[in-house]
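J.: Got a file for you: query22.csv, CSV, C-alpha atoms and all ligand atoms.
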chain,number,residue,atom,x,y,z
A,1,MET,CA,-12.5,-40.9,47.0
A,2,GLN,CA,-11.2,-39.4,50.3
A,3,LEU,CA,-8.1,-37.3,50.0
A,4,TRP,CA,-6.6,-38.1,53.4
A,5,ALA,CA,-6.7,-41.7,52.4
A,6,LYS,CA,-4.1,-41.0,49.7
A,7,PRO,CA,-1.3,-39.0,51.2
A,8,TRP,CA,0.8,-39.1,48.0
A,9,LEU,CA,-2.0,-37.4,46.2
A,10,LEU,CA,-2.1,-34.7,48.9
A,11,LEU,CA,1.6,-34.2,48.5
A,12,LEU,CA,1.3,-33.9,44.7
A,13,LEU,CA,-1.3,-31.2,45.1
A,14,VAL,CA,0.8,-29.3,47.5
A,15,VAL,CA,3.8,-29.4,45.1
A,16,LEU,CA,1.7,-28.3,42.2
A,17,ALA,CA,0.4,-25.3,44.2
A,18,LEU,CA,3.9,-24.1,45.0
A,19,PRO,CA,5.2,-21.1,42.9
A,20,LEU,CA,7.7,-22.2,40.3
A,21,PRO,CA,11.3,-21.1,40.7
A,22,ALA,CA,11.9,-18.1,38.5
A,23,GLY,CA,14.1,-20.0,36.1
A,24,TRP,CA,11.4,-22.4,35.2
A,25,VAL,CA,8.9,-19.7,34.4
A,26,VAL,CA,11.3,-18.1,31.9
A,27,ALA,CA,12.1,-21.4,30.3
A,28,GLU,CA,8.4,-22.0,29.9
A,29,GLU,CA,7.5,-18.6,28.5
A,30,GLN,CA,10.4,-18.1,26.1
A,31,PRO,CA,9.2,-20.4,23.3
A,32,ASP,CA,5.8,-18.9,23.5
A,33,ALA,CA,7.0,-15.3,23.0
A,34,MET,CA,9.2,-16.6,20.2
A,35,THR,CA,6.3,-18.3,18.4
A,36,ARG,CA,4.1,-15.4,18.9
A,37,GLY,CA,6.8,-13.0,17.7
A,38,ARG,CA,7.4,-15.1,14.6
A,39,ASP,CA,3.7,-15.1,13.7
A,40,LEU,CA,3.5,-11.4,14.2
A,41,PHE,CA,6.5,-11.0,11.9
A,42,ARG,CA,4.9,-13.1,9.3
A,43,LYS,CA,1.7,-11.2,9.5
A,44,ASN,CA,3.1,-7.7,9.6
A,45,CYS,CA,6.6,-7.5,8.3
A,46,ILE,CA,7.5,-10.2,5.9
A,47,VAL,CA,5.7,-8.8,2.9
A,48,CYS,CA,8.3,-6.0,2.9
A,49,HIS,CA,11.2,-7.5,4.9
A,50,PRO,CA,13.1,-10.6,4.0
A,51,SER,CA,14.8,-12.0,7.2
A,52,ASP,CA,17.2,-14.6,6.0
A,53,VAL,CA,20.9,-14.5,5.1
A,54,GLY,CA,21.0,-14.4,1.3
A,55,GLY,CA,17.3,-13.3,1.1
A,56,GLY,CA,18.3,-10.0,-0.4
A,57,HIS,CA,16.1,-6.9,0.1
A,58,ARG,CA,12.6,-6.2,-0.9
A,59,ASN,CA,10.5,-3.1,-0.5
A,60,GLY,CA,12.2,-2.9,2.9
A,61,PRO,CA,15.7,-3.9,3.9
A,62,ASN,CA,16.6,-7.4,5.0
A,63,LEU,CA,16.3,-7.7,8.8
A,64,TRP,CA,18.7,-10.6,9.3
A,65,GLY,CA,20.9,-9.5,12.3
A,66,VAL,CA,18.9,-6.2,12.7
A,67,VAL,CA,19.2,-6.2,16.5
A,68,GLY,CA,22.4,-4.4,17.4
A,69,ARG,CA,23.1,-3.3,13.8
A,70,LYS,CA,23.7,0.4,12.9
A,71,VAL,CA,20.6,2.1,11.7
A,72,ALA,CA,20.4,2.3,7.8
A,73,SER,CA,23.7,0.5,7.5
A,74,SER,CA,23.2,-1.7,4.4
A,75,PRO,CA,25.5,-0.3,1.7
A,76,VAL,CA,23.2,-1.4,-1.1
A,77,TYR,CA,19.7,-0.7,0.2
A,78,PRO,CA,18.5,2.8,-0.8
A,79,TYR,CA,17.4,4.2,2.6
A,80,SER,CA,15.5,7.5,2.7
A,81,ASP,CA,17.4,10.5,3.8
A,82,ALA,CA,15.0,10.8,6.7
A,83,LEU,CA,16.1,7.5,8.2
A,84,ARG,CA,19.8,8.0,7.4
A,85,GLU,CA,19.8,11.4,9.1
A,86,TRP,CA,17.9,10.2,12.2
A,87,GLY,CA,20.0,7.1,12.5
A,88,ARG,CA,23.4,8.8,12.4
A,89,GLU,CA,25.3,7.3,15.4
A,90,LYS,CA,22.4,5.1,16.4
A,91,ARG,CA,22.1,1.4,16.6
A,92,TRP,CA,18.9,-0.8,16.5
A,93,ASP,CA,19.0,-1.9,20.1
A,94,MET,CA,15.8,-2.6,22.0
A,95,ALA,CA,15.6,1.0,23.3
A,96,GLN,CA,15.4,2.3,19.7
A,97,LEU,CA,13.4,-0.6,18.2
A,98,ASN,CA,10.6,-0.6,20.7
A,99,PRO,CA,9.3,3.0,20.2
A,100,PHE,CA,10.1,2.8,16.4
A,101,LEU,CA,7.9,-0.3,16.0
A,102,ALA,CA,5.2,1.3,18.0
A,103,ASN,CA,4.9,4.2,15.6
A,104,PRO,CA,7.6,4.4,12.9
A,105,ALA,CA,6.4,7.7,11.4
A,106,GLN,CA,6.2,9.5,14.7
A,107,VAL,CA,9.7,8.4,15.8
A,108,VAL,CA,11.3,9.0,12.4
A,109,PRO,CA,9.3,11.7,10.6
A,110,GLY,CA,9.6,11.1,6.8
A,111,VAL,CA,10.5,7.4,7.1
A,112,ARG,CA,9.4,5.5,4.0
A,113,MET,CA,8.1,2.5,5.9
A,114,GLY,CA,4.5,2.2,5.0
A,115,PHE,CA,3.4,0.6,8.2
A,116,LYS,CA,1.5,2.2,11.0
A,117,GLY,CA,3.1,0.3,13.9
A,118,ILE,CA,2.2,-2.2,16.5
A,119,ALA,CA,0.4,-0.4,19.4
A,120,ASP,CA,0.3,-3.4,21.8
A,121,ALA,CA,3.4,-3.4,24.1
A,122,GLU,CA,3.2,-7.1,24.7
A,123,GLU,CA,3.0,-7.9,21.0
A,124,ARG,CA,6.1,-5.7,20.5
A,125,THR,CA,8.0,-7.6,23.2
A,126,ALA,CA,7.1,-10.9,21.4
A,127,LEU,CA,8.2,-9.4,18.1
A,128,LEU,CA,11.5,-8.1,19.5
A,129,THR,CA,12.1,-11.5,21.1
A,130,PHE,CA,11.8,-13.0,17.6
A,131,LEU,CA,13.9,-10.3,15.9
A,132,SER,CA,16.7,-10.9,18.3
A,133,THR,CA,16.9,-14.5,17.1
A,134,LEU,CA,17.6,-13.4,13.5
A,135,ALA,CA,21.3,-13.5,13.9
A,136,GLY,CA,24.2,-15.8,13.5
A,137,SER,CA,27.5,-15.1,15.1
A,138,GLY,CA,28.6,-11.5,14.8
A,139,ALA,CA,25.1,-10.1,14.6
A,140,SER,CA,26.1,-6.5,13.8
A,141,GLN,CA,28.0,-7.7,10.8
A,142,ALA,CA,25.1,-9.7,9.5
A,143,GLY,CA,23.7,-6.9,7.4
A,144,SER,CA,26.7,-6.4,5.3
A,145,GLN,CA,27.3,-10.2,5.2
A,146,ASN,CA,23.9,-10.4,3.6
A,147,ASP,CA,24.8,-7.7,1.1
A,148,ARG,CA,27.8,-9.6,0.0
A,149,ILE,CA,25.8,-12.7,-0.7
A,150,MET,CA,22.9,-11.0,-2.3
A,151,PRO,CA,23.0,-7.3,-3.5
A,152,LEU,CA,19.8,-5.4,-4.1
A,153,ASP,CA,18.6,-6.4,-7.5
A,154,TRP,CA,15.8,-3.8,-7.7
A,155,GLY,CA,13.4,-6.6,-8.4
A,156,GLY,CA,14.9,-6.9,-11.8
A,157,LEU,CA,14.0,-3.4,-12.9
A,158,PRO,CA,16.6,-2.0,-15.4
A,159,GLU,CA,18.8,0.9,-14.3
A,160,GLY,CA,17.4,4.3,-15.0
A,161,ASN,CA,16.0,7.6,-13.7
A,162,GLY,CA,12.8,6.7,-11.8
A,163,ARG,CA,13.7,3.1,-11.0
A,164,LYS,CA,13.8,3.9,-7.3
A,165,GLU,CA,10.3,5.5,-7.4
A,166,VAL,CA,8.8,2.6,-9.2
A,167,PHE,CA,10.5,0.1,-6.9
A,168,PHE,CA,9.0,1.6,-3.8
A,169,THR,CA,5.7,2.8,-5.1
A,170,CYS,CA,4.6,-0.3,-7.0
A,171,GLN,CA,6.0,-3.0,-4.9
A,172,ALA,CA,4.0,-1.9,-1.8
A,173,CYS,CA,1.0,-4.0,-3.0
A,174,HIS,CA,2.1,-6.5,-5.6
A,175,SER,CA,5.1,-8.1,-7.2
A,176,LEU,CA,7.0,-6.0,-9.8
A,177,MET,CA,6.5,-8.9,-12.2
A,178,ILE,CA,3.0,-7.6,-12.8
A,179,VAL,CA,4.6,-4.3,-13.9
A,180,LYS,CA,7.6,-5.7,-15.9
A,181,GLN,CA,5.6,-8.0,-18.0
A,182,GLN,CA,3.5,-5.1,-19.5
A,183,ARG,CA,4.3,-3.4,-22.8
A,184,LEU,CA,2.1,-0.3,-22.8
A,185,SER,CA,2.1,3.1,-24.4
A,186,ARG,CA,2.7,6.2,-22.2
A,187,ARG,CA,-1.0,7.0,-22.4
A,188,VAL,CA,-2.0,3.6,-21.2
A,189,TRP,CA,0.6,3.7,-18.4
A,190,ASP,CA,-0.9,7.0,-17.4
A,191,GLU,CA,-4.3,5.4,-17.3
A,192,THR,CA,-3.0,2.5,-15.3
A,193,LEU,CA,-1.6,4.8,-12.7
A,194,ARG,CA,-4.9,6.6,-12.5
A,195,TRP,CA,-6.6,3.3,-12.1
A,196,MET,CA,-4.2,2.2,-9.3
A,197,VAL,CA,-5.2,5.4,-7.4
A,198,SER,CA,-8.9,5.3,-8.1
A,199,GLU,CA,-9.6,1.6,-7.8
A,200,LYS,CA,-6.7,0.0,-6.0
A,201,LYS,CA,-6.1,2.5,-3.2
A,202,MET,CA,-2.7,3.5,-4.3
A,203,PRO,CA,-1.9,6.8,-2.6
A,204,GLU,CA,-1.6,9.6,-5.2
A,205,PRO,CA,2.1,10.1,-5.7
A,206,PRO,CA,3.5,13.7,-5.6
A,207,ARG,CA,3.4,15.2,-9.1
A,208,GLU,CA,7.1,15.1,-9.7
A,209,THR,CA,7.3,11.4,-8.5
A,210,ARG,CA,4.4,10.5,-10.8
A,211,GLU,CA,6.1,12.1,-13.8
A,212,LYS,CA,9.3,10.1,-13.0
A,213,ILE,CA,7.4,6.9,-12.7
A,214,LEU,CA,5.6,7.5,-15.9
A,215,ASP,CA,8.8,8.4,-17.8
A,216,TYR,CA,10.4,5.3,-16.5
A,217,LEU,CA,7.6,2.9,-17.3
A,218,ALA,CA,7.0,4.4,-20.8
A,219,GLY,CA,10.7,4.3,-21.5
A,220,HIS,CA,11.5,0.8,-20.3
A,221,PHE,CA,8.2,-1.0,-20.6
A,222,GLY,CA,6.8,0.9,-23.6
A,223,GLU,CA,4.8,-0.7,-26.5
A,224,THR,CA,7.9,-1.4,-28.5
A,225,ALA,CA,10.3,-2.5,-25.8
A,226,PRO,CA,11.7,-6.0,-26.2
A,227,ARG,CA,10.4,-8.7,-23.9
A,228,VAL,CA,13.6,-9.2,-21.9
A,229,GLY,CA,13.9,-12.6,-20.3
A,230,MET,CA,10.7,-13.9,-22.0
A,231,PRO,CA,11.2,-17.1,-24.0
A,232,VAL,CA,11.1,-16.5,-27.7
A,233,LEU,CA,8.3,-18.6,-29.0
A,234,PRO,CA,9.1,-20.8,-32.1
A,235,PRO,CA,7.2,-19.8,-35.2
A,236,LEU,CA,3.8,-21.5,-35.4
A,237,LEU,CA,4.1,-22.4,-39.0
A,238,PRO,CA,6.4,-25.2,-40.1
A,239,PRO,CA,9.5,-24.0,-41.8
A,240,PRO,CA,9.2,-23.8,-45.6
A,241,PRO,CA,10.3,-26.9,-47.5
A,242,PRO,CA,13.9,-26.8,-48.7
A,243,PRO,CA,14.3,-25.5,-52.2
A,244,PRO,CA,14.5,-28.3,-54.8
B,1,LIG,C1,4.9,-1.8,3.6
B,1,LIG,C2,6.3,-2.2,3.7
B,1,LIG,C3,6.8,-2.4,5.2
B,1,LIG,C4,6.3,-3.1,6.2
B,1,LIG,C5,4.9,-3.8,6.3
B,1,LIG,C6,7.2,-3.0,7.3
B,1,LIG,N1,8.3,-2.3,6.9
B,1,LIG,FE1,10.0,-1.9,8.0
B,1,LIG,N2,10.8,-0.8,6.5
B,1,LIG,C7,10.2,-0.6,5.2
B,1,LIG,C8,11.0,0.3,4.5
B,1,LIG,C9,10.7,0.8,3.0
B,1,LIG,C10,12.1,0.7,5.3
B,1,LIG,C11,13.2,1.7,4.9
B,1,LIG,C12,12.7,3.0,5.4
B,1,LIG,C13,13.5,4.2,5.0
B,1,LIG,O1,14.5,4.1,4.3
B,1,LIG,O2,13.0,5.3,5.3
B,1,LIG,C14,11.9,-0.1,6.5
B,1,LIG,C15,12.8,0.0,7.6
B,1,LIG,C16,12.8,-0.8,8.7
B,1,LIG,C17,13.8,-0.9,9.7
B,1,LIG,C18,15.1,-0.2,9.7
B,1,LIG,C19,16.2,-1.2,9.1
B,1,LIG,C20,17.6,-0.6,8.9
B,1,LIG,O3,18.4,-1.3,8.2
B,1,LIG,O4,17.9,0.4,9.5
B,1,LIG,C21,13.4,-1.8,10.7
B,1,LIG,C22,14.1,-2.2,11.9
B,1,LIG,C23,12.1,-2.2,10.2
B,1,LIG,N3,11.7,-1.6,9.1
B,1,LIG,C24,11.3,-3.1,10.9
B,1,LIG,C25,10.0,-3.6,10.5
B,1,LIG,C26,9.2,-4.5,11.3
B,1,LIG,C27,9.7,-5.3,12.5
B,1,LIG,C28,8.0,-4.6,10.6
B,1,LIG,C29,6.8,-5.4,11.0
B,1,LIG,C30,6.3,-5.2,12.3
B,1,LIG,C31,8.1,-3.8,9.5
B,1,LIG,N4,9.3,-3.1,9.5
B,1,LIG,C32,7.1,-3.6,8.5
B,1,LIG,C33,9.0,-1.2,4.8
B,1,LIG,C34,8.1,-1.9,5.6
B,2,LIG,C1,-2.2,0.2,-3.0
B,2,LIG,C2,-1.9,-1.0,-3.8
B,2,LIG,C3,-1.3,-0.9,-5.1
B,2,LIG,C4,-0.2,-0.1,-5.5
B,2,LIG,C5,0.6,0.8,-4.6
B,2,LIG,C6,0.0,-0.4,-6.9
B,2,LIG,N1,-0.9,-1.3,-7.4
B,2,LIG,FE1,-0.9,-2.1,-9.2
B,2,LIG,N2,-2.5,-3.3,-8.7
B,2,LIG,C7,-3.0,-3.4,-7.4
B,2,LIG,C8,-4.0,-4.4,-7.4
B,2,LIG,C9,-4.9,-4.8,-6.2
B,2,LIG,C10,-4.0,-5.0,-8.7
B,2,LIG,C11,-4.9,-6.1,-9.2
B,2,LIG,C12,-4.1,-7.3,-9.5
B,2,LIG,C13,-3.8,-8.2,-8.3
B,2,LIG,O1,-4.8,-8.7,-7.8
B,2,LIG,O2,-2.7,-8.3,-7.9
B,2,LIG,C14,-3.0,-4.3,-9.5
B,2,LIG,C15,-2.7,-4.6,-10.8
B,2,LIG,C16,-1.8,-3.9,-11.5
B,2,LIG,C17,-1.5,-4.2,-12.9
B,2,LIG,C18,-2.1,-5.3,-13.7
B,2,LIG,C19,-3.2,-4.8,-14.5
B,2,LIG,C20,-3.8,-5.9,-15.3
B,2,LIG,O3,-4.2,-5.7,-16.4
B,2,LIG,O4,-3.9,-7.1,-14.8
B,2,LIG,C21,-0.5,-3.3,-13.3
B,2,LIG,C22,0.1,-3.2,-14.7
B,2,LIG,C23,-0.2,-2.5,-12.2
B,2,LIG,N3,-1.0,-2.9,-11.1
B,2,LIG,C24,0.7,-1.5,-12.2
B,2,LIG,C25,1.1,-0.8,-11.1
B,2,LIG,C26,2.2,0.2,-11.1
B,2,LIG,C27,3.0,0.6,-12.3
B,2,LIG,C28,2.3,0.6,-9.8
B,2,LIG,C29,3.3,1.7,-9.3
B,2,LIG,C30,3.2,2.9,-9.9
B,2,LIG,C31,1.3,0.0,-9.0
B,2,LIG,N4,0.6,-0.9,-9.8
B,2,LIG,C32,1.0,0.2,-7.6
B,2,LIG,C33,-2.7,-2.6,-6.3
B,2,LIG,C34,-1.7,-1.7,-6.3
Translate this file's structure into structure tokens.
Ligand code: HEC
Ligand code: HEC

T.:
Amino acid sequence: MQLWAKPWLLLLLVVLALPLPAGWVVAEEQPDAMTRGRDLFRKNCIVCHPSDVGGGHRNGPNLWGVVGRKVASSPVYPYSDALREWGREKRWDMAQLNPFLANPAQVVPGVRMGFKGIADAEERTALLTFLSTLAGSGASQAGSQNDRIMPLDWGGLPEGNGRKEVFFTCQACHSLMIVKQQRLSRRVWDETLRWMVSEKKMPEPPRETREKILDYLAGHFGETAPRVGMPVLPPLLPPPPPPP
């Protein structure tokens, strides 16, 4: 085929070679960054952070409406003092989020977020694009809106000294269900903690924290504790015959 014999084809090639107007490029790249950001969020964040209205909080606070919201501003989520102090008078705008997500522990020393950060700047941009979509109208209100719908339920752990420590320490790797369904003596809880450290890579908690956790577990999920919320099984034997 000879190109000059087909002027329309030549024209098409020329048009395709022209740079696209700026607006088109953005329109084309936007969904890509969004999808990439969403995948990064699913891969890195969602295990700890719910991101939907009504999704409550998990190990980390709910991130619905996080962009633009005041730092550590959920009234029901138990933030660390480190984050509260650092975040006084700050909002999660892009200028704060970007370095924080690159290296949380360096930006906020003592932050309780067990995540090393996302080093790749392009990945962070994609993630931030996605985070900024997590908002309805009145994004900065969204955090407290979410609290009204779904207060922190502590994963169903009963109130008591040590609850916070158990909530944060144990939920980092698995559901609290696995903990709540046990009924163990203090000695066996102690062994379980040792086993979590030696075999399951749980970081050894500071001594005081460990004591608190152990007291809480032995107190609320001890051998003789009732099985709250478990269906009571009917007796296996048929009822005795009625007296004659
Ligand atoms: C292992 C659990 C975990 C992972 C993974 C994690 N976070 Fe967090 N995140 C937390 C905890 C816990 C806090 C609260 C920190 C504190 O109180 O010191 C937090 C706090 C935050 C905050 C502050 C929220 C506020 O209300 O002020 C932001 C923003 C945040 N995380 C974003 C992210 C993003 C984005 C990712 C994924 C790239 C991520 N986190 C991954 C546990 C996690
Ligand atoms: C670093 C990760 C990690 C942490 C932190 C962690 N665990 Fe585990 N735990 C595991 C793994 C892995 C298993 C194996 C079960 C599974 O596959 O989910 C497990 C299983 C368990 C089981 C079930 C044992 C059985 O007989 O099936 C109990 C009980 C338990 N953990 C208690 C705790 C308690 C209590 C804490 C907090 C003090 C804790 N874990 C913290 C990783 C962890």

J.: Please determine, counting all atoms listed in the file, which residue among A:Gly114, A:Pro226, A:Gly219, A:Pro243 has the shortest atom-to-atom distance to Gly162 (chain A).

T.: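 The shortest atom-to-atom distance to Gly162 (chain A) comes from A:Gly219.
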
J.: With 10 Å as the threshold, what does the neighbourhood of (19.3, 3.3, 15.1) contain in terms of residues, counting all atoms listed in the file? Coordinates are those of the file; answer as a PyMOL selection string.

T.: chain A and resi 66-73+83-84+86-97+100

J.: Restricting it to C-alpha atoms, dump the selection as an mmCIF file, in the coordinates of the input.

T.:
data_model
loop_
_atom_site.group_PDB
_atom_site.id
_atom_site.type_symbol
_atom_site.label_atom_id
_atom_site.label_comp_id
_atom_site.auth_asym_id
_atom_site.auth_seq_id
_atom_site.Cartn_x
_atom_site.Cartn_y
_atom_site.Cartn_z
ATOM 1 C CA VAL A 66 18.900 -6.200 12.700
ATOM 2 C CA VAL A 67 19.200 -6.200 16.500
ATOM 3 C CA GLY A 68 22.400 -4.400 17.400
ATOM 4 C CA ARG A 69 23.100 -3.300 13.800
ATOM 5 C CA LYS A 70 23.700 0.400 12.900
ATOM 6 C CA VAL A 71 20.600 2.100 11.700
ATOM 7 C CA ALA A 72 20.400 2.300 7.800
ATOM 8 C CA SER A 73 23.700 0.500 7.500
ATOM 9 C CA LEU A 83 16.100 7.500 8.200
ATOM 10 C CA ARG A 84 19.800 8.000 7.400
ATOM 11 C CA TRP A 86 17.900 10.200 12.200
ATOM 12 C CA GLY A 87 20.000 7.100 12.500
ATOM 13 C CA ARG A 88 23.400 8.800 12.400
ATOM 14 C CA GLU A 89 25.300 7.300 15.400
ATOM 15 C CA LYS A 90 22.400 5.100 16.400
ATOM 16 C CA ARG A 91 22.100 1.400 16.600
ATOM 17 C CA TRP A 92 18.900 -0.800 16.500
ATOM 18 C CA ASP A 93 19.000 -1.900 20.100
ATOM 19 C CA MET A 94 15.800 -2.600 22.000
ATOM 20 C CA ALA A 95 15.600 1.000 23.300
ATOM 21 C CA GLN A 96 15.400 2.300 19.700
ATOM 22 C CA LEU A 97 13.400 -0.600 18.200
ATOM 23 C CA PHE A 100 10.100 2.800 16.400
#

J.: Could the residues that lie within 8 Å of ligand LIG 1 (chain B), counting all atoms listed in the file, be listed as an MDAnalysis selection string?

T.: chainID A and resid 40:41 43:49 59:63 66:67 69:74 78:84 87 92 97 100:101 110:115 117:118 127:128 131 143 168 172:173

J.: What's around Leu157 (chain A) at 8 Å? Count all atoms listed in the file, leave out sequence neighbours fewer than 5 positions away in its own chain, and write the answer as a list of chain:residue names.

T.: A:Arg163, A:Phe167, A:Lys180

J.: Considering only C-alpha atoms and all ligand atoms, give me a table of residues in chain A that are at most 6 Å from ligand LIG 2 (chain B), with the closest atom pair and distance in Å for each, as JSON lines.

T.:
{"residue": "A:Val166", "atom": "CA", "partner": "B:LIG2", "partner_atom": "C29", "distance": 5.6}
{"residue": "A:Thr169", "atom": "CA", "partner": "B:LIG2", "partner_atom": "C29", "distance": 5.0}
{"residue": "A:Cys170", "atom": "CA", "partner": "B:LIG2", "partner_atom": "C29", "distance": 3.3}
{"residue": "A:Ala172", "atom": "CA", "partner": "B:LIG2", "partner_atom": "C5", "distance": 5.2}
{"residue": "A:Cys173", "atom": "CA", "partner": "B:LIG2", "partner_atom": "C2", "distance": 4.2}
{"residue": "A:His174", "atom": "CA", "partner": "B:LIG2", "partner_atom": "O2", "distance": 5.6}
{"residue": "A:Ile178", "atom": "CA", "partner": "B:LIG2", "partner_atom": "C21", "distance": 5.6}
{"residue": "A:Val179", "atom": "CA", "partner": "B:LIG2", "partner_atom": "C22", "distance": 4.7}
{"residue": "A:Leu193", "atom": "CA", "partner": "B:LIG2", "partner_atom": "C30", "distance": 5.9}
{"residue": "A:Met196", "atom": "CA", "partner": "B:LIG2", "partner_atom": "N1", "distance": 5.2}
{"residue": "A:Lys200", "atom": "CA", "partner": "B:LIG2", "partner_atom": "C33", "distance": 4.8}
{"residue": "A:Lys201", "atom": "CA", "partner": "B:LIG2", "partner_atom": "C1", "distance": 4.5}
{"residue": "A:Met202", "atom": "CA", "partner": "B:LIG2", "partner_atom": "C1", "distance": 3.6}

J.: Check the smallest atom-to-atom distance from each of A:Ala225, A:Ile213, A:Leu134, A:Val197 to Arg183 (chain A) using all atoms listed in the file, then report the winner.

T.: A:Ala225

J.: If I take CA of Ser185 (chain A) and CA of Glu199 (chain A), how far is one from the other in Å, to one decimal?

T.: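 Going from CA of Ser185 (chain A) over to CA of Glu199 (chain A) covers 20.4 Å.
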
J.: As an exercise, work out the distance from CA of Thr192 (chain A) to CA of Gly56 (chain A) in Å and give it to one decimal place.

T.: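 Those two atoms sit 28.8 Å apart.
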
J.: Work out how far CA of Thr133 (chain A) is from CA of Asp52 (chain A), in Å to one decimal.

T.: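 If I compute the distance from CA of Asp52 (chain A) to CA of Thr133 (chain A), I get 11.1 Å.
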
J.: So which one's closest to Pro109 (chain A), A:Thr35, A:Glu85, A:Pro158, A:Arg227? Using all atoms listed in the file, please.

T.: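 Of all the options, A:Glu85 lies closest to Pro109 (chain A).
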